[in-house]
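Written out below as structure tokens is the structure these notes cover.
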Amino acid sequence: MRVAILDDEPADLRRVEQTLHQMAAPGEDAWALHSFERGEDLLRQLRWETFDLIILEWQLPDLSGLELLHWTREHLDAPPAAIMLTGHDDESDIVQALNAGADDYISKPFRPNELKARVAAVLRRHRPRHSATGEVLHFNDLVFDDGELSVTREGKPVVMTEREYRLARCLFSNLGRPLSRDYLYERFWTHEEVASSRPLDTHIYRLRNKLGLTANRGWQLLTIYGYGYRLESVTSASE
């Protein structure tokens with residue numbers, strides 16, 4: 001999980017970080033937390049990086065959290081989940097933030113357990129839509145079974161490692177959304193693995209071949225040089 005936190009008060013930043021460090025489930029990698037004290041610094045990262053969640057203070061000296069929220073909703077194809085965490089607690093402020101696209105609103109000073117519960121609820125709402133079983137997703141001739149961590153292509157099983165499966169699911173869950181290399185490495189590899197090789201490029205090559213991610217099958221897995229990858233759904237030339 002990749003989270004950006006914006007607050008110009010260092011003490012508040014540290015408190016949010018300490019709370020979110022407790023959110024990772026047993027066996028799950030620690031969340032990657034990126035803290036910012038200036039709105040312009042976070043905006044610069046949002047232009048190039050991918051986050052699952054942003055937590056925004058409203059009032060800052062340069063660029064407000066509300067302005068950043070508006071920017072993500074206007075300029076990003078798949079904006080991250082957003083929570084306003086601020087001392088602005090008038091009803092009109094809450095309504096303004098929610099109407100601007102915030103997924104939730106928490107007033108300072110916050111209670112750690114409440115923040116964790118609200119973050120968990122927001123992230124649940126932002127998960128990809130599943131079938132009634134909550135386990136199976138269909139993408140053209142590909143069927144992903146989260147319960148079995150398996151994929152079939154045209155009804156035939158595709159042999160995949162667990163990491164390949166999770167990387168593929170991430171790409172399909174973010175169709176049309178650029179995903180940075182840093183984001184993918186932080187989600188699926190340890191620092192030691194990244195330092196010793198280029199595992200992401202190898203896995204992308206395998207997924208292209210195993211899943212048939214080609215235009216004639218309705219997919220295009222684009223390399224964004226200097227940034228990362230984007231999976232797109234396309235119309236085949238034969239249609």
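We name chains A, B, ... following the order of the structure tokens; residues begin at 1 in each chain, and ligands are numbered from 1 as shown.
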Practice item. Write out as a ChimeraX atom specification all residues of stretch 14-152 of chain A that DSSP puts in helix (DSSP H, G or I) for this structure's backbone. Key: /A:14-20,39-46,65-75,91-99,112-125
Listing only residues of stretch 115-181 of chain A within 12 Å of stretch 31-50 of chain A, what is the closest atom pair and its distance in Å (to one decimal) for each, using only C-alpha atoms, sorted by chain and residue number ascending, as JSON lines?
```
{"residue": "A:Asn174", "atom": "CA", "partner": "A:Thr50", "partner_atom": "CA", "distance": 10.6}
{"residue": "A:Arg177", "atom": "CA", "partner": "A:Thr50", "partner_atom": "CA", "distance": 8.8}
{"residue": "A:Pro178", "atom": "CA", "partner": "A:Thr50", "partner_atom": "CA", "distance": 7.5}
{"residue": "A:Leu179", "atom": "CA", "partner": "A:Thr50", "partner_atom": "CA", "distance": 5.9}
{"residue": "A:Ser180", "atom": "CA", "partner": "A:Glu49", "partner_atom": "CA", "distance": 5.8}
{"residue": "A:Arg181", "atom": "CA", "partner": "A:Glu49", "partner_atom": "CA", "distance": 8.8}
```
Check your understanding: Quick one: residues within 6 Å of A:Thr86, only C-alpha atoms counted, chain neighbours fewer than 2 positions away excluded, as a ChimeraX atom specification?
Key -> /A:57-58,88,107-108
Dump as a short mmCIF file (atom, residue, chain, number, x, y, z; two decimals), in the first residue's frame, selection limited to all heavy atoms:
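Saved as part-v5.cif:
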```cif
data_model
loop_
_atom_site.label_atom_id
_atom_site.label_comp_id
_atom_site.auth_asym_id
_atom_site.auth_seq_id
_atom_site.Cartn_x
_atom_site.Cartn_y
_atom_site.Cartn_z
N GLU A 57 -4.04 17.58 4.72
CA GLU A 57 -4.39 18.73 5.55
C GLU A 57 -4.98 19.81 4.64
O GLU A 57 -4.55 19.98 3.50
CB GLU A 57 -3.14 19.25 6.27
CG GLU A 57 -3.28 20.61 6.91
CD GLU A 57 -4.38 20.70 7.96
OE1 GLU A 57 -4.18 20.26 9.09
OE2 GLU A 57 -5.47 21.23 7.59
N TRP A 58 -5.98 20.52 5.14
CA TRP A 58 -6.66 21.51 4.30
C TRP A 58 -5.80 22.74 4.08
O TRP A 58 -5.50 23.14 2.96
CB TRP A 58 -7.97 21.91 4.99
CG TRP A 58 -8.87 22.79 4.17
CD1 TRP A 58 -8.54 23.95 3.55
CD2 TRP A 58 -10.25 22.56 3.89
NE1 TRP A 58 -9.62 24.48 2.91
CE2 TRP A 58 -10.70 23.65 3.10
CE3 TRP A 58 -11.16 21.57 4.23
CZ2 TRP A 58 -12.02 23.75 2.66
CZ3 TRP A 58 -12.46 21.67 3.80
CH2 TRP A 58 -12.88 22.74 3.01
N HIS A 88 -10.32 22.03 10.10
CA HIS A 88 -11.55 22.62 9.56
C HIS A 88 -12.70 21.64 9.81
O HIS A 88 -12.82 20.62 9.14
CB HIS A 88 -11.42 22.85 8.05
CG HIS A 88 -10.56 24.01 7.69
ND1 HIS A 88 -10.98 25.01 6.85
CD2 HIS A 88 -9.30 24.34 8.07
CE1 HIS A 88 -10.01 25.91 6.71
NE2 HIS A 88 -8.99 25.51 7.43
N SER A 107 -11.64 15.15 11.61
CA SER A 107 -11.20 16.39 12.26
C SER A 107 -10.05 16.11 13.22
O SER A 107 -9.97 15.04 13.84
CB SER A 107 -12.36 17.01 13.04
OG SER A 107 -13.42 17.35 12.17
N LYS A 108 -9.16 17.08 13.32
CA LYS A 108 -8.08 17.02 14.29
C LYS A 108 -8.58 17.59 15.63
O LYS A 108 -9.42 18.48 15.64
CB LYS A 108 -6.89 17.85 13.81
CG LYS A 108 -6.13 17.29 12.64
CD LYS A 108 -4.95 18.21 12.34
CE LYS A 108 -4.11 17.71 11.20
NZ LYS A 108 -2.98 18.62 10.91
#
```
Would you mind listing what lies within 10 Å of A:Pro79 as a PDB file with N, CA, C and O atoms, in the first residue's frame, with only C-alpha atoms counted and same-chain residues fewer than 5 positions away left out?
```pdb
ATOM      1  N   LEU A  46       2.619  13.703  -7.501  1.00  0.00           N
ATOM      2  CA  LEU A  46       1.389  13.170  -8.094  1.00  0.00           C
ATOM      3  C   LEU A  46       1.434  13.183  -9.617  1.00  0.00           C
ATOM      4  O   LEU A  46       0.766  12.376 -10.271  1.00  0.00           O
ATOM      5  N   THR A  50       2.461   7.057  -8.355  1.00  0.00           N
ATOM      6  CA  THR A  50       1.159   6.444  -8.136  1.00  0.00           C
ATOM      7  C   THR A  50       0.969   6.184  -6.647  1.00  0.00           C
ATOM      8  O   THR A  50       1.850   5.619  -5.995  1.00  0.00           O
ATOM      9  N   PHE A  51      -0.175   6.590  -6.115  1.00  0.00           N
ATOM     10  CA  PHE A  51      -0.498   6.337  -4.713  1.00  0.00           C
ATOM     11  C   PHE A  51      -1.868   5.666  -4.635  1.00  0.00           C
ATOM     12  O   PHE A  51      -2.747   5.911  -5.462  1.00  0.00           O
ATOM     13  N   ASP A  52      -2.032   4.809  -3.608  1.00  0.00           N
ATOM     14  CA  ASP A  52      -3.328   4.188  -3.367  1.00  0.00           C
ATOM     15  C   ASP A  52      -4.232   5.103  -2.547  1.00  0.00           C
ATOM     16  O   ASP A  52      -5.456   5.032  -2.651  1.00  0.00           O
ATOM     17  N   LEU A  53      -3.607   5.949  -1.720  1.00  0.00           N
ATOM     18  CA  LEU A  53      -4.364   6.799  -0.796  1.00  0.00           C
ATOM     19  C   LEU A  53      -3.574   8.077  -0.545  1.00  0.00           C
ATOM     20  O   LEU A  53      -2.338   8.036  -0.433  1.00  0.00           O
ATOM     21  N   ILE A  54      -4.289   9.215  -0.465  1.00  0.00           N
ATOM     22  CA  ILE A  54      -3.672  10.454  -0.024  1.00  0.00           C
ATOM     23  C   ILE A  54      -4.449  10.984   1.176  1.00  0.00           C
ATOM     24  O   ILE A  54      -5.679  10.927   1.205  1.00  0.00           O
ATOM     25  N   LEU A  69      -6.841  18.135  -3.884  1.00  0.00           N
ATOM     26  CA  LEU A  69      -7.938  17.201  -4.106  1.00  0.00           C
ATOM     27  C   LEU A  69      -8.626  17.494  -5.433  1.00  0.00           C
ATOM     28  O   LEU A  69      -8.876  16.584  -6.235  1.00  0.00           O
ATOM     29  N   TRP A  71      -7.323  18.937  -7.976  1.00  0.00           N
ATOM     30  CA  TRP A  71      -6.394  18.626  -9.069  1.00  0.00           C
ATOM     31  C   TRP A  71      -6.409  17.134  -9.391  1.00  0.00           C
ATOM     32  O   TRP A  71      -6.432  16.750 -10.573  1.00  0.00           O
ATOM     33  N   THR A  72      -6.406  16.284  -8.374  1.00  0.00           N
ATOM     34  CA  THR A  72      -6.392  14.838  -8.639  1.00  0.00           C
ATOM     35  C   THR A  72      -7.658  14.405  -9.358  1.00  0.00           C
ATOM     36  O   THR A  72      -7.610  13.539 -10.237  1.00  0.00           O
ATOM     37  N   ARG A  73      -8.789  14.994  -8.989  1.00  0.00           N
ATOM     38  CA  ARG A  73     -10.058  14.603  -9.621  1.00  0.00           C
ATOM     39  C   ARG A  73     -10.170  15.135 -11.048  1.00  0.00           C
ATOM     40  O   ARG A  73     -10.882  14.561 -11.872  1.00  0.00           O
ATOM     41  N   GLU A  74      -9.478  16.211 -11.355  1.00  0.00           N
ATOM     42  CA  GLU A  74      -9.570  16.808 -12.688  1.00  0.00           C
ATOM     43  C   GLU A  74      -8.516  16.280 -13.653  1.00  0.00           C
ATOM     44  O   GLU A  74      -8.754  16.224 -14.862  1.00  0.00           O
ATOM     45  N   GLY A 101     -14.799  15.604  -3.797  1.00  0.00           N
ATOM     46  CA  GLY A 101     -14.327  14.262  -4.120  1.00  0.00           C
ATOM     47  C   GLY A 101     -13.638  13.526  -3.001  1.00  0.00           C
ATOM     48  O   GLY A 101     -13.162  12.405  -3.192  1.00  0.00           O
ATOM     49  N   ARG A 177      -4.392   3.283 -16.145  1.00  0.00           N
ATOM     50  CA  ARG A 177      -3.710   4.116 -15.147  1.00  0.00           C
ATOM     51  C   ARG A 177      -2.209   3.849 -15.187  1.00  0.00           C
ATOM     52  O   ARG A 177      -1.783   2.698 -15.042  1.00  0.00           O
TER      53      ARG A 177
END
```
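Compared by their closest atoms to A:Glu164, and using only C-alpha atoms, the residues A:Asp93, A:Asp141, A:Asp8, A:Asp201 rank with A:Asp201 nearest.
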Review point. So which residues touch stretch 117-119 of chain A within 9 Å, counting only C-alpha atoms, skipping near sequence neighbours fewer than 2 positions away, as an NGL selection string?
Key: :A and (20 or 23 or 53 or 83 or 104-106 or 112-115 or 121-124)
Exercise for review: Can you work out the spacing between atom CA of A:Leu68 and atom CA of A:Arg230 in Å, to one decimal?
Suggested key: 23.3 Å
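Of the listed residues A:Leu60, A:Val95, A:Thr19, A:Thr214, the one whose atoms come nearest to A:Asp7 is A:Leu60, with distances taken using only C-alpha atoms.
The two atoms in question, atom CA of A:Tyr205 and atom CA of A:Gly155, are spaced 22.1 Å apart.
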Exercise for review: Record the distance separating atom CA of A:Ser92 and atom CA of A:Leu66, expressed in Å with one decimal.
Suggested key: 13.4 Å
Practice item. Please provide as number ranges by chain all residues within 9 Å of A:Asp103, with the sequence filter that same-chain residues fewer than 4 positions apart are discarded (counting only C-alpha atoms). Key: A: 81-84, 97-98, 122
From the DSSP assignment of the backbone, select every residue of stretch 1-211 of chain A that is strand (DSSP E or B), and format the answer as a PDB file with N, CA, C and O atoms, in the first residue's frame.
```
ATOM      1  N   ARG A   2       0.605   2.149  -0.918  1.00  0.00           N
ATOM      2  CA  ARG A   2       1.424   3.358  -1.061  1.00  0.00           C
ATOM      3  C   ARG A   2       0.568   4.566  -0.690  1.00  0.00           C
ATOM      4  O   ARG A   2      -0.448   4.839  -1.326  1.00  0.00           O
ATOM      5  N   VAL A   3       1.003   5.295   0.349  1.00  0.00           N
ATOM      6  CA  VAL A   3       0.193   6.378   0.909  1.00  0.00           C
ATOM      7  C   VAL A   3       1.001   7.662   0.939  1.00  0.00           C
ATOM      8  O   VAL A   3       2.165   7.668   1.375  1.00  0.00           O
ATOM      9  N   ALA A   4       0.387   8.768   0.492  1.00  0.00           N
ATOM     10  CA  ALA A   4       0.985  10.098   0.602  1.00  0.00           C
ATOM     11  C   ALA A   4       0.263  10.864   1.702  1.00  0.00           C
ATOM     12  O   ALA A   4      -0.972  10.867   1.762  1.00  0.00           O
ATOM     13  N   ILE A   5       1.040  11.498   2.568  1.00  0.00           N
ATOM     14  CA  ILE A   5       0.485  12.255   3.693  1.00  0.00           C
ATOM     15  C   ILE A   5       0.963  13.697   3.579  1.00  0.00           C
ATOM     16  O   ILE A   5       2.170  13.943   3.467  1.00  0.00           O
ATOM     17  N   LEU A   6       0.032  14.634   3.621  1.00  0.00           N
ATOM     18  CA  LEU A   6       0.378  16.052   3.500  1.00  0.00           C
ATOM     19  C   LEU A   6      -0.045  16.794   4.758  1.00  0.00           C
ATOM     20  O   LEU A   6      -1.220  16.819   5.110  1.00  0.00           O
ATOM     21  N   ALA A  32       4.137   1.672   2.368  1.00  0.00           N
ATOM     22  CA  ALA A  32       5.122   2.674   1.961  1.00  0.00           C
ATOM     23  C   ALA A  32       4.495   4.047   2.173  1.00  0.00           C
ATOM     24  O   ALA A  32       3.563   4.436   1.457  1.00  0.00           O
ATOM     25  N   LEU A  33       4.989   4.773   3.164  1.00  0.00           N
ATOM     26  CA  LEU A  33       4.432   6.070   3.531  1.00  0.00           C
ATOM     27  C   LEU A  33       5.351   7.178   3.029  1.00  0.00           C
ATOM     28  O   LEU A  33       6.557   7.158   3.281  1.00  0.00           O
ATOM     29  N   HIS A  34       4.769   8.147   2.332  1.00  0.00           N
ATOM     30  CA  HIS A  34       5.530   9.265   1.780  1.00  0.00           C
ATOM     31  C   HIS A  34       4.937  10.554   2.334  1.00  0.00           C
ATOM     32  O   HIS A  34       3.780  10.886   2.058  1.00  0.00           O
ATOM     33  N   SER A  35       5.725  11.275   3.123  1.00  0.00           N
ATOM     34  CA  SER A  35       5.229  12.456   3.824  1.00  0.00           C
ATOM     35  C   SER A  35       5.699  13.738   3.156  1.00  0.00           C
ATOM     36  O   SER A  35       6.833  13.825   2.677  1.00  0.00           O
ATOM     37  N   PHE A  36       4.810  14.729   3.168  1.00  0.00           N
ATOM     38  CA  PHE A  36       5.096  16.020   2.533  1.00  0.00           C
ATOM     39  C   PHE A  36       4.619  17.144   3.442  1.00  0.00           C
ATOM     40  O   PHE A  36       3.536  17.057   4.024  1.00  0.00           O
ATOM     41  N   LEU A  53      -3.607   5.949  -1.720  1.00  0.00           N
ATOM     42  CA  LEU A  53      -4.364   6.799  -0.796  1.00  0.00           C
ATOM     43  C   LEU A  53      -3.574   8.077  -0.545  1.00  0.00           C
ATOM     44  O   LEU A  53      -2.338   8.036  -0.433  1.00  0.00           O
ATOM     45  N   ILE A  54      -4.289   9.215  -0.465  1.00  0.00           N
ATOM     46  CA  ILE A  54      -3.672  10.454  -0.024  1.00  0.00           C
ATOM     47  C   ILE A  54      -4.449  10.984   1.176  1.00  0.00           C
ATOM     48  O   ILE A  54      -5.679  10.927   1.205  1.00  0.00           O
ATOM     49  N   ILE A  55      -3.724  11.473   2.173  1.00  0.00           N
ATOM     50  CA  ILE A  55      -4.316  12.063   3.374  1.00  0.00           C
ATOM     51  C   ILE A  55      -3.871  13.518   3.413  1.00  0.00           C
ATOM     52  O   ILE A  55      -2.671  13.803   3.446  1.00  0.00           O
ATOM     53  N   LEU A  56      -4.832  14.436   3.401  1.00  0.00           N
ATOM     54  CA  LEU A  56      -4.541  15.833   3.137  1.00  0.00           C
ATOM     55  C   LEU A  56      -4.974  16.757   4.264  1.00  0.00           C
ATOM     56  O   LEU A  56      -6.133  16.714   4.695  1.00  0.00           O
ATOM     57  N   ALA A  81      -7.704   7.213  -3.597  1.00  0.00           N
ATOM     58  CA  ALA A  81      -8.631   7.506  -2.507  1.00  0.00           C
ATOM     59  C   ALA A  81      -8.072   8.687  -1.714  1.00  0.00           C
ATOM     60  O   ALA A  81      -6.855   8.862  -1.614  1.00  0.00           O
ATOM     61  N   ALA A  82      -8.961   9.510  -1.161  1.00  0.00           N
ATOM     62  CA  ALA A  82      -8.512  10.724  -0.479  1.00  0.00           C
ATOM     63  C   ALA A  82      -9.287  10.929   0.819  1.00  0.00           C
ATOM     64  O   ALA A  82     -10.518  10.809   0.852  1.00  0.00           O
ATOM     65  N   ILE A  83      -8.547  11.258   1.864  1.00  0.00           N
ATOM     66  CA  ILE A  83      -9.134  11.590   3.167  1.00  0.00           C
ATOM     67  C   ILE A  83      -8.624  12.958   3.577  1.00  0.00           C
ATOM     68  O   ILE A  83      -7.423  13.214   3.545  1.00  0.00           O
ATOM     69  N   MET A  84      -9.539  13.850   3.950  1.00  0.00           N
ATOM     70  CA  MET A  84      -9.158  15.136   4.510  1.00  0.00           C
ATOM     71  C   MET A  84      -9.000  14.965   6.016  1.00  0.00           C
ATOM     72  O   MET A  84      -9.914  14.486   6.691  1.00  0.00           O
ATOM     73  N   LEU A  85      -7.845  15.337   6.537  1.00  0.00           N
ATOM     74  CA  LEU A  85      -7.560  15.237   7.970  1.00  0.00           C
ATOM     75  C   LEU A  85      -7.130  16.626   8.411  1.00  0.00           C
ATOM     76  O   LEU A  85      -5.998  17.049   8.158  1.00  0.00           O
ATOM     77  N   THR A  86      -8.030  17.364   9.050  1.00  0.00           N
ATOM     78  CA  THR A  86      -7.785  18.786   9.230  1.00  0.00           C
ATOM     79  C   THR A  86      -8.566  19.360  10.403  1.00  0.00           C
ATOM     80  O   THR A  86      -9.516  18.740  10.897  1.00  0.00           O
ATOM     81  N   ASP A 104     -13.542  10.678   2.663  1.00  0.00           N
ATOM     82  CA  ASP A 104     -13.893  10.789   4.075  1.00  0.00           C
ATOM     83  C   ASP A 104     -13.248  12.057   4.625  1.00  0.00           C
ATOM     84  O   ASP A 104     -12.397  12.671   3.970  1.00  0.00           O
ATOM     85  N   TYR A 105     -13.645  12.419   5.833  1.00  0.00           N
ATOM     86  CA  TYR A 105     -13.224  13.673   6.443  1.00  0.00           C
ATOM     87  C   TYR A 105     -13.056  13.420   7.937  1.00  0.00           C
ATOM     88  O   TYR A 105     -13.991  12.959   8.590  1.00  0.00           O
ATOM     89  N   ILE A 106     -11.883  13.692   8.475  1.00  0.00           N
ATOM     90  CA  ILE A 106     -11.609  13.465   9.891  1.00  0.00           C
ATOM     91  C   ILE A 106     -11.067  14.751  10.488  1.00  0.00           C
ATOM     92  O   ILE A 106     -10.146  15.362   9.944  1.00  0.00           O
ATOM     93  N   SER A 107     -11.635  15.155  11.608  1.00  0.00           N
ATOM     94  CA  SER A 107     -11.202  16.387  12.261  1.00  0.00           C
ATOM     95  C   SER A 107     -10.046  16.108  13.219  1.00  0.00           C
ATOM     96  O   SER A 107      -9.966  15.042  13.835  1.00  0.00           O
ATOM     97  N   VAL A 136     -13.890 -13.793  -8.239  1.00  0.00           N
ATOM     98  CA  VAL A 136     -13.648 -14.032  -9.658  1.00  0.00           C
ATOM     99  C   VAL A 136     -13.914 -12.761 -10.469  1.00  0.00           C
ATOM    100  O   VAL A 136     -14.941 -12.117 -10.301  1.00  0.00           O
ATOM    101  N   LEU A 137     -12.949 -12.423 -11.355  1.00  0.00           N
ATOM    102  CA  LEU A 137     -13.104 -11.272 -12.240  1.00  0.00           C
ATOM    103  C   LEU A 137     -12.867 -11.701 -13.674  1.00  0.00           C
ATOM    104  O   LEU A 137     -11.979 -12.500 -13.943  1.00  0.00           O
ATOM    105  N   HIS A 138     -13.646 -11.134 -14.605  1.00  0.00           N
ATOM    106  CA  HIS A 138     -13.552 -11.470 -16.019  1.00  0.00           C
ATOM    107  C   HIS A 138     -13.036 -10.265 -16.801  1.00  0.00           C
ATOM    108  O   HIS A 138     -13.563  -9.157 -16.667  1.00  0.00           O
ATOM    109  N   PHE A 139     -12.012 -10.487 -17.615  1.00  0.00           N
ATOM    110  CA  PHE A 139     -11.471  -9.470 -18.511  1.00  0.00           C
ATOM    111  C   PHE A 139     -11.320 -10.124 -19.885  1.00  0.00           C
ATOM    112  O   PHE A 139     -10.356 -10.851 -20.130  1.00  0.00           O
ATOM    113  N   LEU A 142      -9.902 -13.623 -20.241  1.00  0.00           N
ATOM    114  CA  LEU A 142      -9.128 -13.926 -19.038  1.00  0.00           C
ATOM    115  C   LEU A 142     -10.045 -13.936 -17.822  1.00  0.00           C
ATOM    116  O   LEU A 142     -10.875 -13.032 -17.658  1.00  0.00           O
ATOM    117  N   VAL A 143      -9.870 -14.940 -16.972  1.00  0.00           N
ATOM    118  CA  VAL A 143     -10.648 -15.037 -15.739  1.00  0.00           C
ATOM    119  C   VAL A 143      -9.686 -15.164 -14.570  1.00  0.00           C
ATOM    120  O   VAL A 143      -8.878 -16.099 -14.514  1.00  0.00           O
ATOM    121  N   PHE A 144      -9.758 -14.201 -13.647  1.00  0.00           N
ATOM    122  CA  PHE A 144      -8.915 -14.194 -12.448  1.00  0.00           C
ATOM    123  C   PHE A 144      -9.717 -14.714 -11.268  1.00  0.00           C
ATOM    124  O   PHE A 144     -10.817 -14.227 -10.991  1.00  0.00           O
ATOM    125  N   ASP A 145      -9.151 -15.706 -10.581  1.00  0.00           N
ATOM    126  CA  ASP A 145      -9.775 -16.277  -9.394  1.00  0.00           C
ATOM    127  C   ASP A 145      -8.909 -15.927  -8.195  1.00  0.00           C
ATOM    128  O   ASP A 145      -7.855 -16.530  -7.980  1.00  0.00           O
ATOM    129  N   SER A 150      -5.407 -17.938  -9.395  1.00  0.00           N
ATOM    130  CA  SER A 150      -5.213 -18.611 -10.674  1.00  0.00           C
ATOM    131  C   SER A 150      -5.882 -17.819 -11.788  1.00  0.00           C
ATOM    132  O   SER A 150      -6.818 -17.042 -11.562  1.00  0.00           O
ATOM    133  N   VAL A 151      -5.403 -18.057 -13.021  1.00  0.00           N
ATOM    134  CA  VAL A 151      -5.948 -17.398 -14.205  1.00  0.00           C
ATOM    135  C   VAL A 151      -6.228 -18.452 -15.262  1.00  0.00           C
ATOM    136  O   VAL A 151      -5.443 -19.381 -15.450  1.00  0.00           O
ATOM    137  N   THR A 152      -7.364 -18.299 -15.940  1.00  0.00           N
ATOM    138  CA  THR A 152      -7.609 -19.107 -17.133  1.00  0.00           C
ATOM    139  C   THR A 152      -7.685 -18.176 -18.332  1.00  0.00           C
ATOM    140  O   THR A 152      -8.152 -17.033 -18.223  1.00  0.00           O
ATOM    141  N   ARG A 153      -7.223 -18.671 -19.467  1.00  0.00           N
ATOM    142  CA  ARG A 153      -7.262 -17.909 -20.715  1.00  0.00           C
ATOM    143  C   ARG A 153      -7.977 -18.759 -21.742  1.00  0.00           C
ATOM    144  O   ARG A 153      -7.540 -19.873 -22.045  1.00  0.00           O
ATOM    145  N   LYS A 156      -8.554 -22.180 -20.464  1.00  0.00           N
ATOM    146  CA  LYS A 156      -7.416 -23.049 -20.159  1.00  0.00           C
ATOM    147  C   LYS A 156      -6.551 -22.415 -19.069  1.00  0.00           C
ATOM    148  O   LYS A 156      -6.287 -21.207 -19.106  1.00  0.00           O
ATOM    149  N   PRO A 157      -6.087 -23.198 -18.093  1.00  0.00           N
ATOM    150  CA  PRO A 157      -5.277 -22.646 -17.007  1.00  0.00           C
ATOM    151  C   PRO A 157      -3.969 -22.050 -17.519  1.00  0.00           C
ATOM    152  O   PRO A 157      -3.340 -22.584 -18.436  1.00  0.00           O
ATOM    153  N   VAL A 158      -3.582 -20.946 -16.925  1.00  0.00           N
ATOM    154  CA  VAL A 158      -2.298 -20.309 -17.213  1.00  0.00           C
ATOM    155  C   VAL A 158      -1.378 -20.562 -16.014  1.00  0.00           C
ATOM    156  O   VAL A 158      -1.746 -20.245 -14.883  1.00  0.00           O
ATOM    157  N   LEU A 179       1.316   3.184 -13.889  1.00  0.00           N
ATOM    158  CA  LEU A 179       1.860   2.703 -12.619  1.00  0.00           C
ATOM    159  C   LEU A 179       3.372   2.840 -12.663  1.00  0.00           C
ATOM    160  O   LEU A 179       4.026   2.302 -13.553  1.00  0.00           O
ATOM    161  N   SER A 180       3.922   3.550 -11.706  1.00  0.00           N
ATOM    162  CA  SER A 180       5.360   3.793 -11.720  1.00  0.00           C
ATOM    163  C   SER A 180       6.126   2.545 -11.304  1.00  0.00           C
ATOM    164  O   SER A 180       5.604   1.670 -10.596  1.00  0.00           O
TER     165      SER A 180
END
```
